[in-house]
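Read the structure below first, then the notes.
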Amino acid sequence: MHELALAQNIIETIHQAVPPETWKDVRVVRLQVGTMAGVVPDSLQFSFTALVSGTPLEEARMEIQQIPFVVECETCGQTSTNDTGISCCGECGSGNTRIRSGTELQVVNLELEDVQEEAV
Amino acid sequence: MSIVMIERKVLQKNDEIARRNRALFFSHGTFAINLVSSPGSGKTSILERTLEHLKGELQVAVIEGDIQTDLDARRIASHGAPVVQIVTHGACHLEAQLVEDALSNLDLAEVRLLIIENVGNLVCPANYDLGEAVKVVVVSTTEGDDKPLKYPAMFRNSSVLLINKIDLLPYVDCDLERLRKNALSINPGLTIFETSCVSKQGVKEWCAWLRSKIFFVSRS
Ligand SMILES: Nc1nc2c(ncn2[C@@H]2O[C@H](COP(=O)(O)OP(=O)(O)O)[C@@H](O)[C@H]2O)c(=O)[nH]1
Ligand SMILES: [Mg+2]
Ligand SMILES: [Zn+2]
């Protein structure tokens with residue numbers, strides 16, 4: 001399963017995005033995953049948790065926003081959505097369509113716990 | 001809590017390397033295809049029939065992805081084509097980086113067609129751009145007609161579908177029309193060929209399609 005490789009990429013992305021001394025403060029990593037991205041969210045989450053355990057990122061939890069598969073029809077102008085990945089228009093059946101969303105696989109943002117300043 | 005915006009594709013690094021590979025293919029006028037299927041659908045057999053058919057006409061090179069062995073690479077080498085083996089050591093797909101590494105062992109100058117045989121898997125390779133011009137997906141008649149519906153991402157990302165082992169049609173429960181219909185419902189733009197590596201049916205048509213693409217790439 002390539003979810004393990006993807007989780008590794010996500011960890012590298014975090015490592016590049018914020019300095020090492022703040023890795024322990026990362027609480028949430030937010031992802032957008034299209035329903036047709038070819039990725040199983042549960043496996044991705046499982047892989048991520050397994051990989052960060054015992055590392056500075058171990059308090060980070062993965063939050064996945066699933067993006068629906070949306071097809072826009074060039075023939076009738078309607079948009080339709082389905083969870084089978086069929087690209088034909090759900091309204092008129094035309095194959096002349098464009099995929100508007102549902103194939104995303106990206107890290108959106110991180111949430112870090114603010115470290116309290118030492119009281120003087 | 002503070003928010004750090006990232007907005008970065010998970011596979012961005014792979015995509016950047018793939019772009020480099022693509023630029024390299026373009027600069028050499030090499031048409032590169034990424035051949036994907038389940039294990040055993042006939043990728044290596046199709047490669048062999050393709051090499052036979054195009055032999056003496058144009059230079060074809062092969063990159064062989066395999067989880068563990070170099071058996072397929074040896075089959076290809078016996079046809080006299082330059083072949084580079086990538087052993088992924090368990091990884092279920094090729095990545096652009098592995099292809100870039102393999103390319104350092106290939107002189108593309110005379111190569112008009114590069115065929116990359118991916119690891120047998122219809123899930124993971126769909127996500128990884130290798131820099132190819134097109135993905136070509138192979139399904140054999142023994143696998144049933146519902147494959148496109150089970151692996152939509154792969155069929156969406158492919159430009160060509162080869163329905164292989166067409167010689168076995170009388171013996172298996174596969175409705176060819178339904179297979180075509182399922183594939184086209186996922187990707188209406190698919191070009192479809194029916195092939196047999198035994199009777200060689202469809203090999204000529206498939207190679208004619210390749211030739212037209214190669215002609216276009218090497219002239220642009
Ligand atoms: N009957 C029949 N057998 C085929 C055909 N193509 C491949 N095979 C057989 O299917 C098996 C797997 O083929 P191979 O090319 O190694 O598949 P790969 O794993 O996708 O590379 C081999 O035993 C081939 O001889 C075909 O068109 N017809
Ligand atoms: Mg093979
Ligand atoms: Zn429509």
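Ordering of the structure tokens sets the chain letters (A, B, ...); residue numbers start at 1 within each chain; ligands are numbered from 1 in the order shown.
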Check which residues fall inside 6 Å of ligand 2 when counting only C-alpha atoms and all ligand atoms, and print them as a ChimeraX atom specification. /B:43-44,72
How about saving the chosen residues, C-alpha atoms kept, as a PDB file, in the first residue's frame?
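After the write, result.pdb holds the following:
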ATOM      1  CA  LYS B  43       2.646  -6.149 -19.883  1.00  0.00           C
ATOM      2  CA  THR B  44       5.921  -7.927 -20.589  1.00  0.00           C
ATOM      3  CA  ASP B  72      11.241  -9.564 -17.151  1.00  0.00           C
TER       4      ASP B  72
END
Produce as a VMD selection string the set of residues near ligand 1, where near means within 8 Å with only C-alpha atoms and all ligand atoms considered. chain B and resid 36 to 47 72 117 120 138 140 164 to 168 195 to 200
Considering only alpha helix (DSSP H) as DSSP defines it on the backbone, what residues of segment 44-212 of chain B qualify? List them as number ranges by chain. B: 44-54, 71-77, 96-103, 147-150, 152-157, 176-186, 203-212
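For segment 53-105 of chain B, backbone-based DSSP assignment of strand (DSSP E or B) covers B:Val60, B:Ala61, B:Val62, B:Ile63, B:Glu64, B:Gly65, B:Asp66, B:Val83, B:Val84, B:Gln85, B:Ile86, B:Val87.
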Let's have the selection written as a PDB file, in the first residue's frame, with N, CA and C atoms.
ATOM      1  N   VAL B  60      13.792   1.261 -29.689  1.00  0.00           N
ATOM      2  CA  VAL B  60      12.937   1.211 -28.507  1.00  0.00           C
ATOM      3  C   VAL B  60      13.802   0.842 -27.306  1.00  0.00           C
ATOM      4  N   ALA B  61      13.634   1.547 -26.194  1.00  0.00           N
ATOM      5  CA  ALA B  61      14.312   1.173 -24.953  1.00  0.00           C
ATOM      6  C   ALA B  61      13.257   0.893 -23.893  1.00  0.00           C
ATOM      7  N   VAL B  62      13.664   0.134 -22.880  1.00  0.00           N
ATOM      8  CA  VAL B  62      12.705  -0.318 -21.871  1.00  0.00           C
ATOM      9  C   VAL B  62      13.263  -0.090 -20.469  1.00  0.00           C
ATOM     10  N   ILE B  63      12.397   0.401 -19.594  1.00  0.00           N
ATOM     11  CA  ILE B  63      12.724   0.398 -18.163  1.00  0.00           C
ATOM     12  C   ILE B  63      11.762  -0.592 -17.514  1.00  0.00           C
ATOM     13  N   GLU B  64      12.317  -1.552 -16.800  1.00  0.00           N
ATOM     14  CA  GLU B  64      11.527  -2.617 -16.193  1.00  0.00           C
ATOM     15  C   GLU B  64      11.424  -2.403 -14.696  1.00  0.00           C
ATOM     16  N   GLY B  65      10.224  -2.166 -14.217  1.00  0.00           N
ATOM     17  CA  GLY B  65      10.029  -2.086 -12.772  1.00  0.00           C
ATOM     18  C   GLY B  65       9.599  -3.442 -12.260  1.00  0.00           C
ATOM     19  N   ASP B  66      10.236  -3.910 -11.212  1.00  0.00           N
ATOM     20  CA  ASP B  66       9.834  -5.198 -10.655  1.00  0.00           C
ATOM     21  C   ASP B  66      10.070  -5.144  -9.156  1.00  0.00           C
ATOM     22  N   VAL B  83      17.766  -2.236 -22.022  1.00  0.00           N
ATOM     23  CA  VAL B  83      16.813  -2.329 -20.913  1.00  0.00           C
ATOM     24  C   VAL B  83      17.519  -2.020 -19.598  1.00  0.00           C
ATOM     25  N   VAL B  84      16.850  -1.222 -18.777  1.00  0.00           N
ATOM     26  CA  VAL B  84      17.366  -0.924 -17.442  1.00  0.00           C
ATOM     27  C   VAL B  84      16.367  -1.471 -16.430  1.00  0.00           C
ATOM     28  N   GLN B  85      16.880  -2.200 -15.472  1.00  0.00           N
ATOM     29  CA  GLN B  85      16.035  -2.821 -14.457  1.00  0.00           C
ATOM     30  C   GLN B  85      15.951  -1.929 -13.217  1.00  0.00           C
ATOM     31  N   ILE B  86      14.741  -1.723 -12.725  1.00  0.00           N
ATOM     32  CA  ILE B  86      14.589  -1.105 -11.404  1.00  0.00           C
ATOM     33  C   ILE B  86      13.972  -2.152 -10.498  1.00  0.00           C
ATOM     34  N   VAL B  87      14.669  -2.523  -9.428  1.00  0.00           N
ATOM     35  CA  VAL B  87      14.066  -3.409  -8.436  1.00  0.00           C
ATOM     36  C   VAL B  87      13.601  -2.526  -7.288  1.00  0.00           C
TER      37      VAL B  87
END
Identify every residue of chain B that has at least one atom within 8 Å of any atom of chain A, counting only C-alpha atoms, and report the result as a VMD selection string. chain B and resid 1 to 11 91 to 93 123 to 124 126 to 127 149 152 to 153 185 to 188
Residues from last step as file, C-alpha atoms, as a CSV table (one decimal), in the first residue's frame:
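out-v1.csv, freshly written:
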chain,number,residue,atom,x,y,z
B,1,MET,CA,-3.3,27.7,18.5
B,2,SER,CA,-1.6,29.1,15.5
B,3,ILE,CA,-2.1,28.0,11.9
B,4,VAL,CA,0.7,27.5,9.4
B,5,MET,CA,-0.5,27.5,5.8
B,6,ILE,CA,1.1,24.8,3.6
B,7,GLU,CA,-1.1,24.1,0.5
B,8,ARG,CA,1.3,21.7,-1.0
B,9,LYS,CA,0.5,18.6,-3.0
B,10,VAL,CA,1.6,15.5,-1.1
B,11,LEU,CA,3.3,14.3,-4.3
B,91,ALA,CA,7.5,-1.0,-3.1
B,92,CYS,CA,4.3,-1.4,-5.0
B,93,HIS,CA,4.9,1.3,-7.6
B,123,VAL,CA,-3.9,1.2,-7.4
B,124,CYS,CA,-0.7,2.9,-6.4
B,126,ALA,CA,-2.1,5.8,-10.6
B,127,ASN,CA,-0.8,8.5,-8.3
B,149,LEU,CA,-15.1,0.3,-12.0
B,152,PRO,CA,-11.3,4.2,-11.5
B,153,ALA,CA,-8.2,6.3,-10.8
B,185,SER,CA,-17.8,5.6,-18.4
B,186,ILE,CA,-14.8,6.3,-16.3
B,187,ASN,CA,-12.8,7.9,-19.1
B,188,PRO,CA,-14.7,8.8,-22.3
All residues 10 Å or closer to Asn105 of chain B, only C-alpha atoms, same chain fewer than 2 positions away omitted, as a ChimeraX atom specification: /B:82-85,100-103,107-108
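The nearest approach to ligand 3 among the residues A:Thr75, A:Thr55, A:Thr81, A:Thr22, with only C-alpha atoms and all ligand atoms taken into account, belongs to A:Thr75.
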When you draw a straight line from atom CA of Thr88 of chain B to atom CA of Leu122 of chain B, how long is it in Å?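 Rounded to one decimal, the two atoms are 16.2 Å apart.
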